[in-house]
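Student: Structure below; questions to follow.
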There are 2 protein chains.
Amino acid sequence: LPGPVSLYLAGPEVFLPNAREVGAAKKAICAEHGFLGRFPLDGTDGTNGDSGPVTDGHAIFRSCIDMMQDCDVIVANMTPFRGPSMDVGTAVEIGLMFALGRPVFGYTNVVGDYSTRVTADGWQVEDFGFADNLMCEGPVFESGGSIVRTGVADVERLTDLTGFEACVRAAARTLGLET
Amino acid sequence: LPGPVSLYLAGPEVFLPNAREVGAAKKAICAEHGFLGRFPLDGTDGTNGDSGPVTDGHAIFRSCIDMMQDCDVIVANMTPFRGPSMDVGTAVEIGLMFALGRPVFGYTNVVGDYSTRVTADGWQVEDFGFADNLMCEGPVFESGGSIVRTGVADVERLTDLTGFEACVRAAARTLGLET
């Protein structure tokens, strides 16, 4: 029998003070829908012995890359983070998983298009009806994934898991784990 | 003889009103260092006949993906854009080119570490001595590339090409096009 379908949990939650708790909650939801959820911090304790901080960063990076290569699908939290766009680290992961041929699913807890969040500043603001920069959403559509947009209270914007669960369910249906 | 070494010009300049002019300037610098520069907008006129805006976005995405697959190396503008981090679309492109095994080079016109630009907000701020999120900089170091940080006047932050040229020169040396 093939192993379980592994799902990479990409998003800025790794920066939450209770990151591992959030990771556990996401993994529980994955399990309910037939996935083995993998949380980036699972692969590292955030340190690399007594070496310096840059080396630690490299070790965490390598751990995340290894984990993604082991995963069959990615569900990315595309909620705006520290600006009008999603977390840039998660964006790198979307590009990487797309290049590896994995289906990319995304969710955002902000309903509006990207163009509604950016003020005209002399630069062109793309207005394709996307939740974010077209390079973020393109991998979702081309890989057969989907994006879930959910409106939540501001204070819950980066922690509410309603849209996440809907996204995992969409992935489970697309991959034939659920009907 | 092998063809010229193609260099993908990733960055938020595509949103500048004079984007094609900036692209031409970057391509001229590439040529001086032995590269064929490819600018994302070269592959598209920004429209797709009379179809709607979402289809246009998809066409631009596909054009950029095709161009990246044709390129041997990427030089990414990692200057903070609309927030404390780099442009998310460029971040996706870094992840994609890294996964394709291409050397990733980057430059930023802001000298300080990422940690100096983010205020404590209850979330953890990574402090690895990187210019941005570790997932952005990891592909550079692991692929054999390098990052150039250049301090410039605020008003020139997203247009000054001094650091870009230094980055192209670094890429030319790393790839053996220059000594």
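Numbering starts fresh at 1 for the residues of each chain in the structure tokens, the chains themselves are lettered A, B, ... in the order given, and ligands are numbered from 1 as they appear.
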Report the closest atom pair, with its distance in Å rounded to one decimal, for each residue of chain B that has an atom no farther than 7 Å from chain A; count only C-alpha atoms, sort by chain and then rising residue number, and write it as CSV.
Tutor:
```
residue,atom,partner,partner_atom,distance
B:Phe15,CA,A:Gln124,CA,4.8
B:Leu16,CA,A:Trp123,CA,4.8
B:Pro17,CA,A:Trp123,CA,5.9
B:Pro53,CA,A:Phe128,CA,4.8
B:Val54,CA,A:Phe128,CA,4.8
B:Gly57,CA,A:Phe128,CA,5.8
B:His58,CA,A:Gly138,CA,6.3
B:Phe61,CA,A:Gly138,CA,6.0
B:Arg82,CA,A:Gly83,CA,6.6
B:Gly83,CA,A:Gly83,CA,5.0
B:Ser85,CA,A:Val88,CA,6.9
B:Val88,CA,A:Val88,CA,5.2
B:Gly89,CA,A:Met135,CA,4.8
B:Ala91,CA,A:Val92,CA,4.9
B:Val92,CA,A:Gly95,CA,4.3
B:Glu93,CA,A:Gly95,CA,6.0
B:Ile94,CA,A:Val92,CA,6.2
B:Gly95,CA,A:Val92,CA,4.3
B:Leu96,CA,A:Gly95,CA,4.4
B:Ala99,CA,A:Leu96,CA,5.3
B:Leu100,CA,A:Ala99,CA,6.7
B:Trp123,CA,A:Leu16,CA,4.8
B:Gln124,CA,A:Phe15,CA,4.8
B:Val125,CA,A:Phe15,CA,6.8
B:Phe128,CA,A:Val54,CA,4.8
B:Gly129,CA,A:Val54,CA,6.1
B:Asn133,CA,A:Gly89,CA,5.8
B:Leu134,CA,A:Gly57,CA,6.2
B:Met135,CA,A:Gly89,CA,4.8
B:Cys136,CA,A:Gly89,CA,6.0
B:Gly138,CA,A:Phe61,CA,6.0
```
Student: Output C-alpha atoms for every residue in the selection just made, as a PDB file, in the first residue's frame.
Tutor:
```
ATOM      1  CA  PHE B  15       5.077  47.598 -11.954  1.00  0.00           C
ATOM      2  CA  LEU B  16       6.918  50.836 -12.745  1.00  0.00           C
ATOM      3  CA  PRO B  17       5.220  53.156 -15.252  1.00  0.00           C
ATOM      4  CA  PRO B  53      -8.383  40.459 -16.848  1.00  0.00           C
ATOM      5  CA  VAL B  54      -8.067  37.111 -15.056  1.00  0.00           C
ATOM      6  CA  GLY B  57      -3.070  37.388 -15.598  1.00  0.00           C
ATOM      7  CA  HIS B  58      -2.868  33.704 -16.392  1.00  0.00           C
ATOM      8  CA  PHE B  61       2.061  34.002 -15.526  1.00  0.00           C
ATOM      9  CA  ARG B  82       5.263  47.751  -0.145  1.00  0.00           C
ATOM     10  CA  GLY B  83       6.317  46.506   3.287  1.00  0.00           C
ATOM     11  CA  SER B  85       9.957  42.352   2.738  1.00  0.00           C
ATOM     12  CA  VAL B  88       6.148  38.320  -3.207  1.00  0.00           C
ATOM     13  CA  GLY B  89       6.000  37.601  -6.928  1.00  0.00           C
ATOM     14  CA  ALA B  91       9.885  35.454  -4.057  1.00  0.00           C
ATOM     15  CA  VAL B  92       7.830  32.853  -5.931  1.00  0.00           C
ATOM     16  CA  GLU B  93      10.292  33.119  -8.811  1.00  0.00           C
ATOM     17  CA  ILE B  94      13.253  32.566  -6.481  1.00  0.00           C
ATOM     18  CA  GLY B  95      11.653  29.375  -5.190  1.00  0.00           C
ATOM     19  CA  LEU B  96      10.882  28.169  -8.681  1.00  0.00           C
ATOM     20  CA  ALA B  99      13.844  24.089  -7.505  1.00  0.00           C
ATOM     21  CA  LEU B 100      14.917  24.014 -11.162  1.00  0.00           C
ATOM     22  CA  TRP B 123       5.001  37.533  16.675  1.00  0.00           C
ATOM     23  CA  GLN B 124       8.553  36.308  16.601  1.00  0.00           C
ATOM     24  CA  VAL B 125      10.896  38.211  14.333  1.00  0.00           C
ATOM     25  CA  PHE B 128      19.503  35.290  11.464  1.00  0.00           C
ATOM     26  CA  GLY B 129      21.408  38.236  10.048  1.00  0.00           C
ATOM     27  CA  ASN B 133      12.933  35.973   5.435  1.00  0.00           C
ATOM     28  CA  LEU B 134      15.309  32.998   5.545  1.00  0.00           C
ATOM     29  CA  MET B 135      13.358  31.201   2.826  1.00  0.00           C
ATOM     30  CA  CYS B 136      14.242  34.053   0.455  1.00  0.00           C
ATOM     31  CA  GLY B 138      18.425  30.287   1.614  1.00  0.00           C
TER      32      GLY B 138
END
```
Student: Extract, using only C-alpha atoms, all DNA, RNA and protein residues at most 12 Å from Ala153 (chain A), discarding same-chain residues fewer than 3 positions from it, and format them as an MDAnalysis selection string.
Tutor: chainID A and resid 109:111 150 156:160 162
Student: Could you save the residues just selected, with N, CA and C atoms, as a PDB file, in the first residue's frame?
Tutor:
```pdb
ATOM      1  N   ASN A 109      -7.421  34.767   4.712  1.00  0.00           N
ATOM      2  CA  ASN A 109      -8.490  35.229   5.594  1.00  0.00           C
ATOM      3  C   ASN A 109      -8.863  36.685   5.332  1.00  0.00           C
ATOM      4  N   VAL A 110      -8.510  37.160   4.157  1.00  0.00           N
ATOM      5  CA  VAL A 110      -8.939  38.481   3.690  1.00  0.00           C
ATOM      6  C   VAL A 110      -9.638  38.261   2.350  1.00  0.00           C
ATOM      7  N   VAL A 111     -10.850  38.786   2.224  1.00  0.00           N
ATOM      8  CA  VAL A 111     -11.663  38.468   1.053  1.00  0.00           C
ATOM      9  C   VAL A 111     -11.283  39.291  -0.175  1.00  0.00           C
ATOM     10  N   THR A 150     -11.738  33.720   2.921  1.00  0.00           N
ATOM     11  CA  THR A 150     -12.686  33.760   4.032  1.00  0.00           C
ATOM     12  C   THR A 150     -12.551  35.090   4.754  1.00  0.00           C
ATOM     13  N   GLU A 156      -8.473  37.892  14.327  1.00  0.00           N
ATOM     14  CA  GLU A 156      -8.322  36.458  14.039  1.00  0.00           C
ATOM     15  C   GLU A 156      -7.688  36.195  12.676  1.00  0.00           C
ATOM     16  N   ARG A 157      -7.282  37.271  12.029  1.00  0.00           N
ATOM     17  CA  ARG A 157      -6.884  37.165  10.628  1.00  0.00           C
ATOM     18  C   ARG A 157      -5.790  36.127  10.384  1.00  0.00           C
ATOM     19  N   LEU A 158      -4.858  36.057  11.312  1.00  0.00           N
ATOM     20  CA  LEU A 158      -3.730  35.149  11.058  1.00  0.00           C
ATOM     21  C   LEU A 158      -3.828  33.849  11.846  1.00  0.00           C
ATOM     22  N   THR A 159      -4.936  33.659  12.527  1.00  0.00           N
ATOM     23  CA  THR A 159      -5.058  32.431  13.321  1.00  0.00           C
ATOM     24  C   THR A 159      -6.322  31.627  13.015  1.00  0.00           C
ATOM     25  N   ASP A 160      -7.369  32.267  12.489  1.00  0.00           N
ATOM     26  CA  ASP A 160      -8.625  31.546  12.215  1.00  0.00           C
ATOM     27  C   ASP A 160      -8.377  30.417  11.214  1.00  0.00           C
ATOM     28  N   THR A 162     -10.863  28.396   9.823  1.00  0.00           N
ATOM     29  CA  THR A 162     -12.052  28.023   9.043  1.00  0.00           C
ATOM     30  C   THR A 162     -11.704  27.861   7.557  1.00  0.00           C
TER      31      THR A 162
END
```
Student: Any idea what the distance is between CA of Phe105 (chain A) and CA of Phe39 (chain A)?
Tutor: 15.3 Å
Student: At what distance in Å, to one decimal, does CA of Val140 (chain B) lie from CA of Tyr107 (chain B)?
Tutor: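 CA of Tyr107 (chain B) sits 10.4 Å away from CA of Val140 (chain B).
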Student: What parts of chain B does DSSP call helix (DSSP H, G or I)? I'd like the answer as an MDAnalysis selection string.
Tutor: chainID B and resid 12:15 19:32 40:43 53:70 88:99 114:116 134:142 154:156 162:174
Student: Write the residues of the selection above to a file with C-alpha atoms, as a PDB file, in the first residue's frame.
Tutor:
```
ATOM      1  CA  PRO B  12       9.005  44.594  -8.920  1.00  0.00           C
ATOM      2  CA  GLU B  13      10.194  46.944 -11.689  1.00  0.00           C
ATOM      3  CA  VAL B  14       7.515  45.373 -13.872  1.00  0.00           C
ATOM      4  CA  PHE B  15       5.077  47.598 -11.954  1.00  0.00           C
ATOM      5  CA  ALA B  19       8.970  49.288 -16.726  1.00  0.00           C
ATOM      6  CA  ARG B  20      10.175  48.513 -20.243  1.00  0.00           C
ATOM      7  CA  GLU B  21      12.728  51.318 -20.039  1.00  0.00           C
ATOM      8  CA  VAL B  22      14.108  49.886 -16.783  1.00  0.00           C
ATOM      9  CA  GLY B  23      14.138  46.452 -18.367  1.00  0.00           C
ATOM     10  CA  ALA B  24      16.166  47.811 -21.288  1.00  0.00           C
ATOM     11  CA  ALA B  25      18.684  49.387 -18.897  1.00  0.00           C
ATOM     12  CA  LYS B  26      19.054  46.104 -17.020  1.00  0.00           C
ATOM     13  CA  LYS B  27      19.481  44.171 -20.251  1.00  0.00           C
ATOM     14  CA  ALA B  28      22.217  46.575 -21.373  1.00  0.00           C
ATOM     15  CA  ILE B  29      24.112  45.930 -18.122  1.00  0.00           C
ATOM     16  CA  CYS B  30      23.658  42.186 -18.627  1.00  0.00           C
ATOM     17  CA  ALA B  31      25.130  42.423 -22.109  1.00  0.00           C
ATOM     18  CA  GLU B  32      28.203  44.233 -20.762  1.00  0.00           C
ATOM     19  CA  PRO B  40       9.420  39.397 -17.709  1.00  0.00           C
ATOM     20  CA  LEU B  41       7.434  41.874 -19.820  1.00  0.00           C
ATOM     21  CA  ASP B  42       9.384  40.880 -22.948  1.00  0.00           C
ATOM     22  CA  GLY B  43       7.194  37.840 -23.264  1.00  0.00           C
ATOM     23  CA  PRO B  53      -8.383  40.459 -16.848  1.00  0.00           C
ATOM     24  CA  VAL B  54      -8.067  37.111 -15.056  1.00  0.00           C
ATOM     25  CA  THR B  55      -7.205  35.373 -18.319  1.00  0.00           C
ATOM     26  CA  ASP B  56      -4.654  38.093 -18.976  1.00  0.00           C
ATOM     27  CA  GLY B  57      -3.070  37.388 -15.598  1.00  0.00           C
ATOM     28  CA  HIS B  58      -2.868  33.704 -16.392  1.00  0.00           C
ATOM     29  CA  ALA B  59      -1.245  34.441 -19.759  1.00  0.00           C
ATOM     30  CA  ILE B  60       1.372  36.673 -18.146  1.00  0.00           C
ATOM     31  CA  PHE B  61       2.061  34.002 -15.526  1.00  0.00           C
ATOM     32  CA  ARG B  62       2.563  31.323 -18.176  1.00  0.00           C
ATOM     33  CA  SER B  63       4.834  33.621 -20.185  1.00  0.00           C
ATOM     34  CA  CYS B  64       7.022  34.238 -17.124  1.00  0.00           C
ATOM     35  CA  ILE B  65       7.200  30.535 -16.289  1.00  0.00           C
ATOM     36  CA  ASP B  66       8.235  29.691 -19.850  1.00  0.00           C
ATOM     37  CA  MET B  67      10.885  32.404 -19.755  1.00  0.00           C
ATOM     38  CA  MET B  68      12.307  31.182 -16.446  1.00  0.00           C
ATOM     39  CA  GLN B  69      12.551  27.633 -17.729  1.00  0.00           C
ATOM     40  CA  ASP B  70      14.599  29.020 -20.641  1.00  0.00           C
ATOM     41  CA  VAL B  88       6.148  38.320  -3.207  1.00  0.00           C
ATOM     42  CA  GLY B  89       6.000  37.601  -6.928  1.00  0.00           C
ATOM     43  CA  THR B  90       9.774  37.758  -7.088  1.00  0.00           C
ATOM     44  CA  ALA B  91       9.885  35.454  -4.057  1.00  0.00           C
ATOM     45  CA  VAL B  92       7.830  32.853  -5.931  1.00  0.00           C
ATOM     46  CA  GLU B  93      10.292  33.119  -8.811  1.00  0.00           C
ATOM     47  CA  ILE B  94      13.253  32.566  -6.481  1.00  0.00           C
ATOM     48  CA  GLY B  95      11.653  29.375  -5.190  1.00  0.00           C
ATOM     49  CA  LEU B  96      10.882  28.169  -8.681  1.00  0.00           C
ATOM     50  CA  MET B  97      14.360  28.790 -10.092  1.00  0.00           C
ATOM     51  CA  PHE B  98      15.963  27.207  -7.014  1.00  0.00           C
ATOM     52  CA  ALA B  99      13.844  24.089  -7.505  1.00  0.00           C
ATOM     53  CA  TYR B 114      15.184  42.168   8.007  1.00  0.00           C
ATOM     54  CA  SER B 115      14.986  42.204  11.798  1.00  0.00           C
ATOM     55  CA  THR B 116      15.692  45.944  11.842  1.00  0.00           C
ATOM     56  CA  LEU B 134      15.309  32.998   5.545  1.00  0.00           C
ATOM     57  CA  MET B 135      13.358  31.201   2.826  1.00  0.00           C
ATOM     58  CA  CYS B 136      14.242  34.053   0.455  1.00  0.00           C
ATOM     59  CA  GLU B 137      17.941  34.045   1.205  1.00  0.00           C
ATOM     60  CA  GLY B 138      18.425  30.287   1.614  1.00  0.00           C
ATOM     61  CA  PRO B 139      18.095  29.576  -2.125  1.00  0.00           C
ATOM     62  CA  VAL B 140      20.825  32.133  -2.821  1.00  0.00           C
ATOM     63  CA  PHE B 141      23.343  30.535  -0.488  1.00  0.00           C
ATOM     64  CA  GLU B 142      22.496  26.929  -1.326  1.00  0.00           C
ATOM     65  CA  ASP B 154      15.165  56.456  -0.313  1.00  0.00           C
ATOM     66  CA  VAL B 155      13.832  57.978  -3.513  1.00  0.00           C
ATOM     67  CA  GLU B 156      16.154  55.757  -5.574  1.00  0.00           C
ATOM     68  CA  THR B 162      24.422  50.124  -8.762  1.00  0.00           C
ATOM     69  CA  GLY B 163      23.778  47.026  -6.683  1.00  0.00           C
ATOM     70  CA  PHE B 164      22.167  45.310  -9.628  1.00  0.00           C
ATOM     71  CA  GLU B 165      25.326  45.743 -11.696  1.00  0.00           C
ATOM     72  CA  ALA B 166      27.490  44.485  -8.828  1.00  0.00           C
ATOM     73  CA  CYS B 167      25.203  41.457  -8.604  1.00  0.00           C
ATOM     74  CA  VAL B 168      25.413  40.765 -12.344  1.00  0.00           C
ATOM     75  CA  ARG B 169      29.190  41.039 -12.096  1.00  0.00           C
ATOM     76  CA  ALA B 170      29.197  38.536  -9.229  1.00  0.00           C
ATOM     77  CA  ALA B 171      27.070  36.185 -11.306  1.00  0.00           C
ATOM     78  CA  ALA B 172      29.404  36.589 -14.292  1.00  0.00           C
ATOM     79  CA  ARG B 173      32.402  35.694 -12.138  1.00  0.00           C
ATOM     80  CA  THR B 174      30.663  32.748 -10.501  1.00  0.00           C
TER      81      THR B 174
END
```
Student: Counting only C-alpha atoms, figure out which residue out of B:Thr79, B:Thr179, B:Gly11, B:Val104 gets nearest to Gly151 (chain B).
Tutor: B:Thr79
Student: Enumerate the residues of chain B with a DSSP assignment of strand (DSSP E or B), computed from the backbone, and present them as a PyMOL selection string.
Tutor: chain B and resi 5-10+35-38+48+50+73-77+104-108+147-149
Student: Compile the contact shell of region 3-6 of chain A as a VMD selection string: residues with an atom at most 8 Å away, counting only C-alpha atoms, same-chain residues fewer than 3 positions apart removed.
Tutor: chain A and resid 34 to 38 70 to 73
Student: In Å, how far is it from CA of Asn77 (chain B) to CA of Gly144 (chain B)?
Tutor: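 Taking CA of Asn77 (chain B) and CA of Gly144 (chain B), their separation equals 17.1 Å.
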